[in-house]
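The structure file start.cif is reproduced below (mmCIF, C-alpha atoms and all ligand atoms).
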data_data
#
loop_
_atom_site.label_atom_id
_atom_site.label_comp_id
_atom_site.auth_asym_id
_atom_site.auth_seq_id
_atom_site.Cartn_x
_atom_site.Cartn_y
_atom_site.Cartn_z
CA MET A 1 -17.54 19.39 -8.45
CA ALA A 2 -16.09 17.69 -11.53
CA GLU A 3 -17.27 17.98 -15.10
CA ASN A 4 -19.60 15.15 -16.04
CA ASP A 5 -17.60 14.01 -19.03
CA THR A 6 -14.53 12.88 -17.05
CA ARG A 7 -14.08 9.28 -18.20
CA ILE A 8 -13.01 6.71 -15.66
CA LEU A 9 -12.20 3.06 -16.31
CA LEU A 10 -11.99 0.64 -13.39
CA LEU A 11 -10.51 -2.81 -14.05
CA GLU A 12 -10.06 -6.06 -12.11
CA GLY A 13 -13.33 -6.04 -10.18
CA ILE A 14 -12.58 -3.03 -8.01
CA HIS A 15 -15.12 -2.84 -5.17
CA GLU A 16 -18.36 -1.14 -6.20
CA ALA A 17 -17.87 1.35 -3.37
CA ALA A 18 -15.49 3.06 -5.84
CA VAL A 19 -18.35 3.69 -8.28
CA GLU A 20 -20.58 4.94 -5.47
CA SER A 21 -17.90 7.29 -4.12
CA LEU A 22 -17.21 8.62 -7.60
CA ALA A 23 -20.92 9.21 -8.20
CA ALA A 24 -21.19 11.05 -4.89
CA ALA A 25 -18.38 13.35 -6.06
CA GLY A 26 -20.15 14.00 -9.38
CA TYR A 27 -18.29 11.52 -11.58
CA ARG A 28 -20.81 9.35 -13.40
CA ASN A 29 -18.98 8.42 -16.59
CA VAL A 30 -17.47 5.31 -15.02
CA GLU A 31 -16.95 1.91 -16.63
CA ARG A 32 -16.18 -1.00 -14.31
CA LEU A 33 -14.84 -4.29 -15.66
CA THR A 34 -14.30 -7.42 -13.61
CA HIS A 35 -11.12 -8.50 -15.43
CA SER A 36 -7.72 -7.02 -16.21
CA LEU A 37 -6.70 -5.86 -19.69
CA ALA A 38 -3.46 -6.38 -21.58
CA GLY A 39 -1.95 -5.81 -25.04
CA SER A 40 -4.04 -4.03 -27.66
CA ASP A 41 -7.18 -4.29 -25.49
CA LEU A 42 -5.48 -2.18 -22.84
CA LEU A 43 -4.12 0.30 -25.39
CA ASP A 44 -7.59 0.77 -26.89
CA ALA A 45 -9.19 1.13 -23.49
CA ILE A 46 -6.69 3.55 -21.99
CA ARG A 47 -6.62 5.87 -25.01
CA ASP A 48 -9.59 8.05 -24.11
CA VAL A 49 -9.86 7.81 -20.35
CA ASP A 50 -9.02 10.53 -17.83
CA PHE A 51 -8.42 8.11 -14.98
CA ILE A 52 -7.74 4.39 -14.84
CA GLY A 53 -8.14 2.21 -11.78
CA ILE A 54 -6.28 -1.10 -11.59
CA ARG A 55 -5.21 -3.73 -9.10
CA SER A 56 -2.09 -5.88 -9.32
CA ARG A 57 -2.68 -7.73 -12.61
CA THR A 58 -2.88 -4.86 -15.12
CA HIS A 59 0.53 -3.64 -16.25
CA ILE A 60 0.66 0.03 -17.11
CA ASP A 61 4.03 0.18 -18.86
CA ALA A 62 5.58 2.87 -21.05
CA THR A 63 3.67 1.62 -24.12
CA ALA A 64 0.33 1.83 -22.33
CA LEU A 65 1.19 5.28 -20.97
CA GLY A 66 2.23 6.35 -24.47
CA ALA A 67 -1.21 5.38 -25.80
CA ALA A 68 -3.00 7.27 -23.02
CA GLN A 69 -3.65 10.64 -24.56
CA LYS A 70 -5.85 12.14 -21.87
CA LEU A 71 -4.77 10.22 -18.78
CA LYS A 72 -4.52 12.46 -15.71
CA ALA A 73 -3.71 9.91 -13.01
CA VAL A 74 -3.57 6.19 -12.24
CA GLY A 75 -5.27 4.69 -9.19
CA CYS A 76 -3.80 1.42 -7.90
CA PHE A 77 -6.62 -0.06 -5.81
CA CYS A 78 -4.11 -2.10 -3.81
CA ILE A 79 -0.85 -1.59 -1.91
CA GLY A 80 1.81 -2.45 -4.50
CA THR A 81 2.56 -0.13 -7.42
CA ASN A 82 5.33 -1.98 -9.27
CA GLN A 83 2.83 -2.96 -11.99
CA VAL A 84 3.05 0.67 -13.17
CA ASP A 85 6.10 2.27 -14.82
CA LEU A 86 6.27 4.98 -12.17
CA ASP A 87 9.19 6.95 -13.63
CA THR A 88 7.67 7.21 -17.08
CA ALA A 89 4.35 8.21 -15.55
CA ARG A 90 6.01 10.97 -13.54
CA ARG A 91 7.88 12.29 -16.57
CA MET A 92 4.56 12.40 -18.42
CA GLY A 93 2.98 14.35 -15.55
CA ILE A 94 0.80 11.45 -14.37
CA PRO A 95 0.66 10.88 -10.62
CA VAL A 96 0.02 7.35 -9.36
CA PHE A 97 -1.97 6.79 -6.17
CA ASN A 98 -2.44 3.66 -4.07
CA ALA A 99 -3.99 2.64 -0.74
CA PRO A 100 -1.23 1.79 1.71
CA PHE A 101 -3.37 2.05 4.87
CA SER A 102 -6.59 0.34 4.02
CA ASN A 103 -5.77 -3.25 4.96
CA THR A 104 -3.60 -2.53 8.01
CA ARG A 105 -6.32 -3.57 10.42
CA SER A 106 -7.04 -6.80 8.52
CA VAL A 107 -3.42 -7.96 8.79
CA ALA A 108 -3.20 -7.02 12.47
CA GLU A 109 -6.40 -8.95 13.23
CA LEU A 110 -5.12 -12.06 11.45
CA ALA A 111 -1.90 -11.90 13.48
CA ILE A 112 -3.95 -11.72 16.70
CA ALA A 113 -5.99 -14.74 15.65
CA ASP A 114 -2.79 -16.61 14.78
CA ILE A 115 -1.23 -15.79 18.15
CA ILE A 116 -4.22 -17.09 20.12
CA LEU A 117 -4.58 -20.25 18.04
CA LEU A 118 -0.85 -21.06 18.20
CA MET A 119 -0.61 -20.42 21.94
CA ARG A 120 -3.39 -22.99 22.48
CA GLY A 121 -1.93 -25.50 20.01
CA ILE A 122 -5.16 -25.38 18.04
CA PRO A 123 -3.74 -26.06 14.56
CA GLU A 124 -2.28 -29.36 15.75
CA LYS A 125 -5.33 -30.33 17.82
CA SER A 126 -7.63 -29.55 14.93
CA ALA A 127 -5.50 -31.58 12.50
CA ARG A 128 -5.53 -34.55 14.86
CA ALA A 129 -9.28 -34.31 15.44
CA ARG A 130 -9.78 -34.48 11.68
CA ARG A 131 -7.82 -37.69 11.70
CA GLY A 132 -10.08 -39.10 14.44
CA GLU A 133 -7.64 -38.52 17.34
CA TRP A 134 -8.91 -37.07 20.65
CA ALA A 135 -6.06 -34.86 22.03
CA LYS A 136 -7.78 -33.44 25.14
CA THR A 137 -5.01 -31.98 27.28
CA ALA A 138 -3.94 -28.66 28.82
CA ARG A 139 -0.26 -29.42 28.23
CA HIS A 140 1.46 -26.73 26.12
CA ALA A 141 -1.79 -24.75 25.90
CA HIS A 142 -1.43 -21.18 27.16
CA GLU A 143 -3.38 -17.98 27.53
CA VAL A 144 -1.85 -15.03 25.70
CA ARG A 145 -2.29 -12.76 28.72
CA GLY A 146 1.07 -11.78 30.20
CA LYS A 147 3.10 -13.28 27.32
CA CYS A 148 5.65 -11.23 25.43
CA LEU A 149 4.91 -10.36 21.81
CA GLY A 150 7.98 -9.26 19.83
CA ILE A 151 7.02 -7.11 16.84
CA VAL A 152 9.66 -6.68 14.16
CA GLY A 153 8.83 -3.58 12.09
CA TYR A 154 6.76 -1.14 14.15
CA GLY A 155 5.08 0.60 11.22
CA ARG A 156 1.38 0.78 10.38
CA ILE A 157 0.63 -2.90 10.90
CA GLY A 158 3.17 -3.55 13.66
CA SER A 159 1.96 -0.67 15.83
CA GLN A 160 -1.73 -1.53 15.25
CA LEU A 161 -0.98 -5.12 16.25
CA GLY A 162 0.76 -3.87 19.38
CA ILE A 163 -2.34 -1.98 20.48
CA LEU A 164 -4.62 -4.98 19.90
CA ALA A 165 -2.21 -7.32 21.71
CA GLU A 166 -2.03 -5.03 24.72
CA GLY A 167 -5.81 -5.14 24.85
CA LEU A 168 -5.43 -8.88 25.41
CA GLY A 169 -2.94 -8.28 28.21
CA MET A 170 0.23 -9.09 26.27
CA GLN A 171 3.52 -7.29 26.85
CA VAL A 172 4.71 -5.71 23.63
CA LEU A 173 8.34 -5.38 22.67
CA TYR A 174 9.22 -3.99 19.26
CA TYR A 175 12.24 -3.53 17.04
CA ASP A 176 12.46 -1.07 14.17
CA ILE A 177 15.40 0.45 12.32
CA GLU A 178 13.72 3.85 12.62
CA HIS A 179 13.12 5.58 15.92
CA LYS A 180 9.40 4.97 16.54
CA LEU A 181 7.18 6.46 19.20
CA PRO A 182 5.87 3.60 21.38
CA LEU A 183 2.08 3.36 21.57
CA GLY A 184 0.39 2.24 24.78
CA ASN A 185 2.87 0.44 27.01
CA ALA A 186 4.97 -1.01 24.19
CA THR A 187 8.73 -0.94 24.75
CA PRO A 188 11.43 -0.66 22.12
CA ALA A 189 14.00 -3.48 22.20
CA ASN A 190 17.64 -2.45 22.27
CA SER A 191 18.41 -4.79 19.39
CA PHE A 192 16.87 -7.38 17.11
CA GLU A 193 18.70 -10.09 19.10
CA GLU A 194 17.22 -8.86 22.37
CA LEU A 195 13.73 -9.06 20.91
CA LEU A 196 14.34 -12.61 19.68
CA GLN A 197 15.61 -13.67 23.11
CA GLU A 198 12.71 -12.11 25.04
CA ALA A 199 9.63 -12.83 22.95
CA ASP A 200 7.23 -15.75 23.35
CA VAL A 201 5.87 -14.88 19.90
CA VAL A 202 7.79 -13.06 17.17
CA SER A 203 5.63 -11.34 14.54
CA LEU A 204 7.26 -9.90 11.40
CA HIS A 205 5.97 -6.68 9.84
CA VAL A 206 8.90 -5.33 7.85
CA PRO A 207 8.95 -4.49 4.13
CA GLU A 208 10.90 -6.51 1.59
CA THR A 209 14.35 -4.91 1.33
CA PRO A 210 17.90 -6.19 0.85
CA VAL A 211 18.32 -5.91 4.64
CA THR A 212 15.17 -7.85 5.53
CA ARG A 213 15.90 -10.68 3.08
CA ASN A 214 16.32 -13.84 5.21
CA MET A 215 16.27 -11.66 8.31
CA LEU A 216 14.97 -14.75 10.10
CA ASP A 217 17.78 -17.13 9.10
CA THR A 218 19.25 -20.10 11.00
CA ASN A 219 21.12 -17.84 13.43
CA ALA A 220 18.16 -15.60 14.16
CA ILE A 221 15.88 -18.60 14.67
CA ARG A 222 18.44 -20.13 17.01
CA ALA A 223 18.38 -16.91 19.06
CA MET A 224 14.61 -17.28 19.63
CA ARG A 225 13.40 -18.83 22.86
CA PRO A 226 12.95 -22.62 22.75
CA GLY A 227 9.31 -23.41 21.99
CA SER A 228 8.52 -19.87 20.88
CA LEU A 229 6.19 -19.03 18.01
CA LEU A 230 6.73 -17.22 14.71
CA ILE A 231 4.30 -15.25 12.58
CA ASN A 232 5.15 -13.98 9.12
CA ALA A 233 2.49 -11.93 7.34
CA ALA A 234 5.06 -9.53 5.86
CA ARG A 235 6.89 -10.87 2.82
CA GLY A 236 7.98 -14.42 1.99
CA THR A 237 11.64 -13.48 1.51
CA VAL A 238 12.01 -12.31 5.12
CA VAL A 239 12.15 -15.88 6.51
CA ASP A 240 14.57 -18.62 5.41
CA ILE A 241 11.84 -21.20 5.00
CA GLU A 242 14.18 -24.23 5.07
CA ALA A 243 15.74 -22.99 8.31
CA LEU A 244 12.25 -22.60 9.76
CA ALA A 245 11.30 -26.12 8.66
CA GLU A 246 14.40 -27.49 10.46
CA ALA A 247 13.56 -25.56 13.63
CA LEU A 248 9.99 -26.89 13.55
CA GLU A 249 11.31 -30.40 13.01
CA SER A 250 13.61 -30.13 16.02
CA GLY A 251 10.89 -28.52 18.15
CA HIS A 252 12.97 -25.38 18.78
CA ILE A 253 10.10 -23.42 17.23
CA GLY A 254 6.82 -24.49 18.83
CA GLY A 255 4.56 -23.39 15.99
CA ALA A 256 4.24 -20.86 13.22
CA ALA A 257 1.68 -18.97 11.18
CA ILE A 258 2.85 -18.14 7.68
CA ASP A 259 0.82 -16.08 5.22
CA VAL A 260 3.53 -15.20 2.70
CA PHE A 261 6.06 -17.41 0.93
CA PRO A 262 9.27 -17.02 -1.07
CA VAL A 263 7.44 -18.54 -4.05
CA GLU A 264 3.66 -18.23 -4.23
CA PRO A 265 1.25 -19.73 -6.78
CA LYS A 266 0.37 -17.22 -9.48
CA SER A 267 -3.29 -18.21 -9.45
CA ASN A 268 -5.75 -20.20 -7.36
CA LYS A 269 -5.47 -23.02 -9.92
CA GLU A 270 -1.78 -23.72 -9.20
CA ILE A 271 -0.66 -26.22 -6.55
CA PHE A 272 0.86 -24.64 -3.44
CA GLU A 273 4.23 -26.23 -2.65
CA SER A 274 6.04 -25.60 0.64
CA PRO A 275 8.30 -27.54 3.04
CA LEU A 276 5.92 -26.35 5.78
CA ARG A 277 2.92 -28.32 4.54
CA ARG A 278 3.92 -31.36 6.56
CA PHE A 279 3.67 -29.67 9.98
CA ASP A 280 0.42 -29.87 11.94
CA ASN A 281 1.53 -27.02 14.20
CA VAL A 282 1.82 -24.49 11.37
CA ILE A 283 -1.05 -22.32 10.15
CA LEU A 284 -0.66 -21.80 6.42
CA THR A 285 -2.73 -19.09 4.75
CA PRO A 286 -2.61 -18.09 1.07
CA HIS A 287 -1.38 -14.47 1.39
CA ILE A 288 -4.74 -13.27 2.68
CA GLY A 289 -3.52 -11.13 5.58
CA GLY A 290 -5.04 -8.02 4.04
CA ALA A 291 -7.79 -9.75 2.07
CA THR A 292 -11.11 -8.83 3.66
CA GLU A 293 -14.32 -7.27 2.37
CA GLU A 294 -13.68 -4.32 4.68
CA ALA A 295 -10.20 -3.75 3.29
CA GLN A 296 -11.51 -3.86 -0.30
CA TYR A 297 -14.20 -1.34 0.60
CA ASN A 298 -11.70 0.92 2.34
CA ILE A 299 -9.23 0.68 -0.54
CA ALA A 300 -11.96 1.72 -2.99
CA ARG A 301 -12.82 4.76 -0.90
CA GLU A 302 -9.23 5.74 -0.17
CA VAL A 303 -8.06 5.68 -3.80
CA VAL A 304 -11.19 7.41 -5.13
CA ALA A 305 -10.74 10.16 -2.55
CA LYS A 306 -7.17 10.72 -3.75
CA LEU A 307 -8.13 10.78 -7.44
CA VAL A 308 -11.01 13.18 -6.85
CA ARG A 309 -8.88 15.44 -4.70
CA TYR A 310 -6.21 15.57 -7.39
CA ASP A 311 -8.77 16.31 -10.09
CA ASP A 312 -10.76 18.91 -8.19
CA ASN A 313 -8.11 20.48 -6.03
CA GLY A 314 -4.69 19.65 -7.53
CA SER A 315 -3.41 17.93 -4.39
CA THR A 316 -0.91 15.16 -5.06
CA ALA A 317 -0.49 14.23 -1.39
CA SER A 318 0.61 10.58 -1.03
CA ALA A 319 1.20 10.03 -4.77
CA VAL A 320 3.91 7.37 -4.98
CA ASN A 321 5.83 8.78 -7.94
CA PHE A 322 5.26 12.50 -7.82
CA PRO A 323 6.19 15.71 -6.01
CA GLN A 324 3.62 16.16 -3.27
CA VAL A 325 1.55 19.29 -2.85
CA THR A 326 -1.20 19.50 -0.23
CA ILE A 327 -3.45 22.45 -0.88
CA PRO A 328 -6.53 24.04 0.69
CA ASP A 329 -9.72 24.28 -1.38
CA HIS A 330 -9.99 27.18 -3.76
CA GLU A 331 -13.47 28.59 -3.37
CA GLY A 332 -14.03 31.76 -5.34
CA ARG A 333 -10.72 31.59 -7.22
CA ARG A 334 -9.49 30.08 -10.47
CA ARG A 335 -6.87 27.38 -9.97
CA ILE A 336 -4.28 26.34 -12.53
CA LEU A 337 -2.10 23.27 -12.23
CA HIS A 338 1.17 23.34 -14.14
CA ILE A 339 3.42 20.27 -14.36
CA HIS A 340 6.86 20.88 -15.82
CA LYS A 341 10.38 19.59 -16.22
CA ASN A 342 12.37 20.57 -13.14
CA GLU A 343 14.67 23.08 -14.83
CA PRO A 344 16.05 26.47 -13.76
CA GLY A 345 13.93 29.45 -14.81
CA VAL A 346 10.55 27.72 -15.28
CA MET A 347 8.84 29.54 -12.42
CA GLU A 348 10.10 32.87 -13.73
CA GLN A 349 8.56 32.13 -17.13
CA ILE A 350 5.25 31.07 -15.52
CA ASN A 351 5.10 34.20 -13.39
CA HIS A 352 5.96 36.32 -16.40
CA VAL A 353 2.77 35.13 -18.15
CA PHE A 354 0.69 36.36 -15.22
CA SER A 355 2.53 39.66 -14.71
CA LYS A 356 2.36 40.43 -18.44
CA HIS A 357 -1.46 40.26 -18.21
CA GLY A 358 -1.59 42.05 -14.85
CA VAL A 359 -3.10 38.97 -13.17
CA ASN A 360 -2.75 38.71 -9.41
CA VAL A 361 -1.51 35.33 -8.17
CA ALA A 362 -3.25 34.89 -4.81
CA ALA A 363 -1.46 31.68 -3.82
CA GLN A 364 1.19 29.45 -5.30
CA TYR A 365 2.22 25.95 -4.17
CA LEU A 366 5.36 24.45 -5.70
CA GLU A 367 7.00 21.07 -5.19
CA THR A 368 9.65 19.27 -7.19
CA GLN A 369 10.84 15.69 -7.23
CA ALA A 370 13.75 14.51 -9.35
CA ASP A 371 13.05 15.65 -12.90
CA VAL A 372 9.50 16.94 -12.43
CA GLY A 373 7.92 19.95 -10.72
CA ILE A 374 4.29 20.77 -9.99
CA VAL A 375 2.97 24.21 -9.22
CA VAL A 376 -0.62 24.94 -8.31
CA MET A 377 -1.67 28.59 -8.58
CA ASP A 378 -4.80 30.41 -7.45
CA ILE A 379 -5.37 33.48 -9.58
CA GLU A 380 -7.83 36.34 -9.54
CA LEU A 381 -9.17 36.28 -13.07
CA ASP A 382 -12.52 35.01 -14.34
CA ASP A 383 -11.41 33.91 -17.79
CA ALA A 384 -8.25 32.03 -16.77
CA GLY A 385 -8.59 29.70 -19.76
CA SER A 386 -7.12 32.38 -22.03
CA LEU A 387 -3.74 32.06 -20.27
CA LEU A 388 -3.45 28.31 -20.69
CA ASP A 389 -2.04 28.43 -24.23
CA GLU A 390 0.71 30.78 -23.13
CA LEU A 391 1.58 28.50 -20.21
CA ARG A 392 1.58 25.50 -22.55
CA ALA A 393 4.04 27.29 -24.84
CA ILE A 394 6.72 27.39 -22.11
CA PRO A 395 9.24 24.79 -23.37
CA ALA A 396 9.58 22.90 -20.06
CA THR A 397 5.80 22.42 -19.74
CA ILE A 398 4.58 18.82 -19.46
CA ARG A 399 0.92 19.64 -18.89
CA VAL A 400 -1.36 22.45 -17.79
CA ARG A 401 -4.86 22.14 -16.46
CA LEU A 402 -7.54 24.51 -15.24
CA LEU A 403 -9.20 22.96 -12.22
CA HIS A 404 -12.92 23.02 -11.58
P1 LIG A 501 5.16 0.21 7.11
O1 LIG A 501 6.05 0.80 6.09
O2 LIG A 501 4.13 1.06 7.75
O3 LIG A 501 6.04 -0.42 8.30
C1 LIG A 501 7.22 -1.14 8.09
C2 LIG A 501 8.15 -0.86 9.25
O4 LIG A 501 9.28 -1.69 9.13
C3 LIG A 501 8.65 0.58 9.28
O5 LIG A 501 8.44 1.14 10.55
C4 LIG A 501 10.13 0.44 8.95
O6 LIG A 501 10.93 1.42 9.57
C5 LIG A 501 10.42 -0.93 9.50
N1 LIG A 501 11.62 -1.57 8.96
C6 LIG A 501 12.11 -1.49 7.70
N2 LIG A 501 13.24 -2.23 7.59
C7 LIG A 501 13.44 -2.78 8.81
C8 LIG A 501 14.44 -3.64 9.33
N3 LIG A 501 15.45 -4.08 8.58
N4 LIG A 501 14.36 -3.98 10.64
C9 LIG A 501 13.35 -3.52 11.42
N5 LIG A 501 12.38 -2.71 10.99
C10 LIG A 501 12.43 -2.34 9.68
O7 LIG A 501 4.52 -1.07 6.42
P2 LIG A 501 3.16 -1.84 6.83
O8 LIG A 501 2.04 -1.25 6.09
O9 LIG A 501 3.09 -1.96 8.29
O10 LIG A 501 3.47 -3.28 6.18
C11 LIG A 501 4.43 -4.15 6.75
C12 LIG A 501 4.60 -5.40 5.88
O11 LIG A 501 3.37 -6.08 5.75
C13 LIG A 501 5.09 -5.12 4.46
O12 LIG A 501 6.06 -6.11 4.13
C14 LIG A 501 3.90 -5.37 3.63
O13 LIG A 501 4.27 -5.80 2.35
C15 LIG A 501 3.22 -6.49 4.39
N6 LIG A 501 1.79 -6.64 4.09
C16 LIG A 501 1.30 -7.93 3.97
C17 LIG A 501 -0.04 -8.12 3.69
C18 LIG A 501 -0.58 -9.49 3.59
O14 LIG A 501 -1.58 -9.70 2.91
N7 LIG A 501 0.00 -10.46 4.24
C19 LIG A 501 -0.96 -6.99 3.46
C20 LIG A 501 -0.35 -5.69 3.71
C21 LIG A 501 0.99 -5.55 3.99
#

Full structure transcribed into structure tokens:
Amino acid sequence: MAENDTRILLLEGIHEAAVESLAAAGYRNVERLTHSLAGSDLLDAIRDVDFIGIRSRTHIDATALGAAQKLKAVGCFCIGTNQVDLDTARRMGIPVFNAPFSNTRSVAELAIADIILLMRGIPEKSARARRGEWAKTARHAHEVRGKCLGIVGYGRIGSQLGILAEGLGMQVLYYDIEHKLPLGNATPANSFEELLQEADVVSLHVPETPVTRNMLDTNAIRAMRPGSLLINAARGTVVDIEALAEALESGHIGGAAIDVFPVEPKSNKEIFESPLRRFDNVILTPHIGGATEEAQYNIAREVVAKLVRYDDNGSTASAVNFPQVTIPDHEGRRRILHIHKNEPGVMEQINHVFSKHGVNVAAQYLETQADVGIVVMDIELDDAGSLLDELRAIPATIRVRLLH
């Protein structure tokens, strides 16, 4: 269990489950603010903390990292990590953790809701009812059972969506650039084009990359079945939004659900502009695919678990910027964590410190990534603290820590 004086600062209204999880792990020196910090406020705040938790609005750049004299790790209580200068953090021996899995289910559930509503023409019927029109008809309203769902990007969200859709009786076809094991009865498409030609609904779940930019352009949309439906809860750049607007205008696309946009308002106070606003048969949501209470709760628990594991155990598994070591617990032994520049001869110098003092190294876990290496060592010596100064004196050392 951790020392009580470990200082943790949580910004941007991180879910209170984070504070509870930290307390359960013995960390009680936690300050939780509802807003983000910037400029000198951030520099003052980060100076004395061991861990900082942020979401997307706080920018931890090289200046902020430079001011952080004790910082051991950064927790991004979200998916994205480009608000942190990851390379500088790594070079300073500071791993950065995030929560890539925690809102998977939320996005998949929204896609399921979108599919059912679009198949029944509900967005349009609802819009007309609001205008006082009574559009009672079964025309163009379909059950989802037996229809083909084409999933582009069969990763965490895509594969979860496939399972849920099969539960509703849909046939699932997927396309991924990587070879992916099909779950349930899902079938891999031979090509992106084949998926577009076969699917009644196409749902996009790819990351934003140069290859996925405008992946759904005029040609791809033309390849889709007439009257088919499109869902984009991935990234706004994946769909050519003007091409989609044209296809909706012509009726080639029968409806769409769009959660992400090439340009999104920076705050809830800005007006949302989009060529899709004029269509009754389009569900527009403000990038809330992953935004649920459950996801926030899960994110809080996932990131805290990673920070605590790094602090107590030395494990950097799933750090986004750091060599990854996964290590068993170290009951009954002293554990030292040594982060260093990835240069020839460092391990020899570390081992020399132990052999010089006749200390037995019971286990050693080493990983390197780019310019940084991390080695976690379990040693058989009660007063391991006396060796730390000698390890610190090795020129390539970035930081050394005795774990608790
Ligand atoms: P993931 O990394 O688990 O899966 C992405 C999959 O796409 C991988 O299997 C990858 O091989 C595949 N892929 C990459 N390039 C491809 C290409 N050119 N063609 C076909 N497949 C390709 O990611 P995850 O967690 O499933 O997220 C998917 C998307 O959802 C991401 O863009 C993410 O940003 C977005 N997202 C949106 C949210 C929202 O609020 N709307 C919330 C969470 C994620």

Considering all atoms listed in the file, tabulate each residue of chain A that lies at most 7 Å from ligand LIG 501 (chain A) along with its nearest interatomic pair and the corresponding distance in Å to one decimal; arrange the rows by chain and ascending residue number and present them as a tab-separated table.
residue	atom	partner	partner_atom	distance
A:Ile79	CA	A:LIG501	C20	7.0
A:Pro100	CA	A:LIG501	O8	6.3
A:Phe101	CA	A:LIG501	O8	6.5
A:Asn103	CA	A:LIG501	C20	6.1
A:Thr104	CA	A:LIG501	O8	6.1
A:Val107	CA	A:LIG501	C19	5.9
A:Val152	CA	A:LIG501	C9	5.6
A:Gly153	CA	A:LIG501	O4	3.5
A:Tyr154	CA	A:LIG501	O5	4.6
A:Gly155	CA	A:LIG501	O3	3.2
A:Arg156	CA	A:LIG501	O2	3.8
A:Ile157	CA	A:LIG501	O9	3.7
A:Gly158	CA	A:LIG501	O9	5.6
A:Tyr175	CA	A:LIG501	C9	5.7
A:Asp176	CA	A:LIG501	N5	3.6
A:Ile177	CA	A:LIG501	C9	4.6
A:Glu178	CA	A:LIG501	O6	4.8
A:His205	CA	A:LIG501	C11	4.3
A:Val206	CA	A:LIG501	O4	3.9
A:Pro207	CA	A:LIG501	O12	3.3
A:Glu208	CA	A:LIG501	O12	5.5
A:Thr209	CA	A:LIG501	N2	6.9
A:Val211	CA	A:LIG501	N3	5.2
A:Thr212	CA	A:LIG501	N3	4.9
A:Ala233	CA	A:LIG501	N7	4.2
A:Ala234	CA	A:LIG501	O11	3.8
A:Arg235	CA	A:LIG501	O12	5.0
A:Asp259	CA	A:LIG501	N7	5.8
A:Val260	CA	A:LIG501	N7	6.1
A:His287	CA	A:LIG501	O14	5.0
A:Ile288	CA	A:LIG501	O14	4.8
A:Gly289	CA	A:LIG501	O14	3.6
A:Gly290	CA	A:LIG501	O14	4.0
A:Ala291	CA	A:LIG501	O14	6.3

Considering only C-alpha atoms, return as an MDAnalysis selection string whatever protein or nucleic-acid residues lie within 9 Å of Thr326 in chain A, sequence-local ones (same chain, fewer than 4 positions apart) excluded. chainID A and resid 314:317 365

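Taking only C-alpha atoms into account, the residues near (-4.7, 5.7, -14.4), no farther than 10 Å, are Ile8, Leu9, Leu10, Ile46, Val49, Asp50, Phe51, Ile52, Gly53, Ile54, Ile60, Leu65, Ala68, Lys70, Leu71, Lys72, Ala73, Val74, Gly75, Cys76, Val84, Ala89, Ile94, Pro95, Val96, Phe97 and Leu307 of chain A.
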
From the list A:Val353, A:Ala45, A:Leu149, A:Leu337, which residue is nearest Leu403 in chain A when using only C-alpha atoms?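 Among A:Val353, A:Ala45, A:Leu149, A:Leu337, it is A:Leu337 that comes nearest to Leu403 in chain A.
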
Any idea what's packed within 8 Å of range 294-296 of chain A, counting all atoms listed in the file, ignoring anything in its chain fewer than 5 positions away? Could you give it as a PyMOL selection string? chain A and resi 14-15+102-103+106

Need the neighbours of (-3.4, -11.2, 30.3): which residues are at most 8 Å away, counting only C-alpha atoms, as a ChimeraX atom specification? /A:143-147,168-170

Counting all atoms listed in the file, which of A:Gly150, A:Leu42, A:Asn82, A:Asp280 gets nearest to Thr63 in chain A?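 Looking only at the distances to Thr63 in chain A, the closest residue turns out to be A:Leu42.
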
Between CA of Val320 in chain A and CA of Thr285 in chain A, what is the distance, to one decimal in Å? 29.0 Å

Could you please determine the separation between CA of Glu273 in chain A and CA of Ala245 in chain A in Å, to one decimal place?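 Interatomic distance here is 13.3 Å.
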
Cys78 in chain A environment, 8 Å, only C-alpha atoms, sequence neighbours closer than 3 positions dropped, as a list in words: Arg55, Ser56, Thr81, Asn98, Ala99, Pro100 and Ile299 of chain A

Have a look at CA of Arg128 in chain A and CA of Ile241 in chain A and let me know their distance in Å, one decimal.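 According to the coordinates, CA of Arg128 in chain A and CA of Ile241 in chain A are separated by 24.0 Å.
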
Surrounding residues of Asn214 in chain A excluding itself and chain neighbours under 2 positions, 8 Å, only C-alpha atoms, as a ChimeraX atom specification: /A:212,216-217,237-240

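Each of A:Ala108, A:Val202, A:Val30, A:Ile374 was compared to Ser159 in chain A using only C-alpha atoms, and A:Ala108 turns out to be the nearest.
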
Have a look at A:Ser250, A:Asn281, A:Ser36, A:Ser21 and name the one nearest to Pro123 in chain A; count only C-alpha atoms. A:Asn281
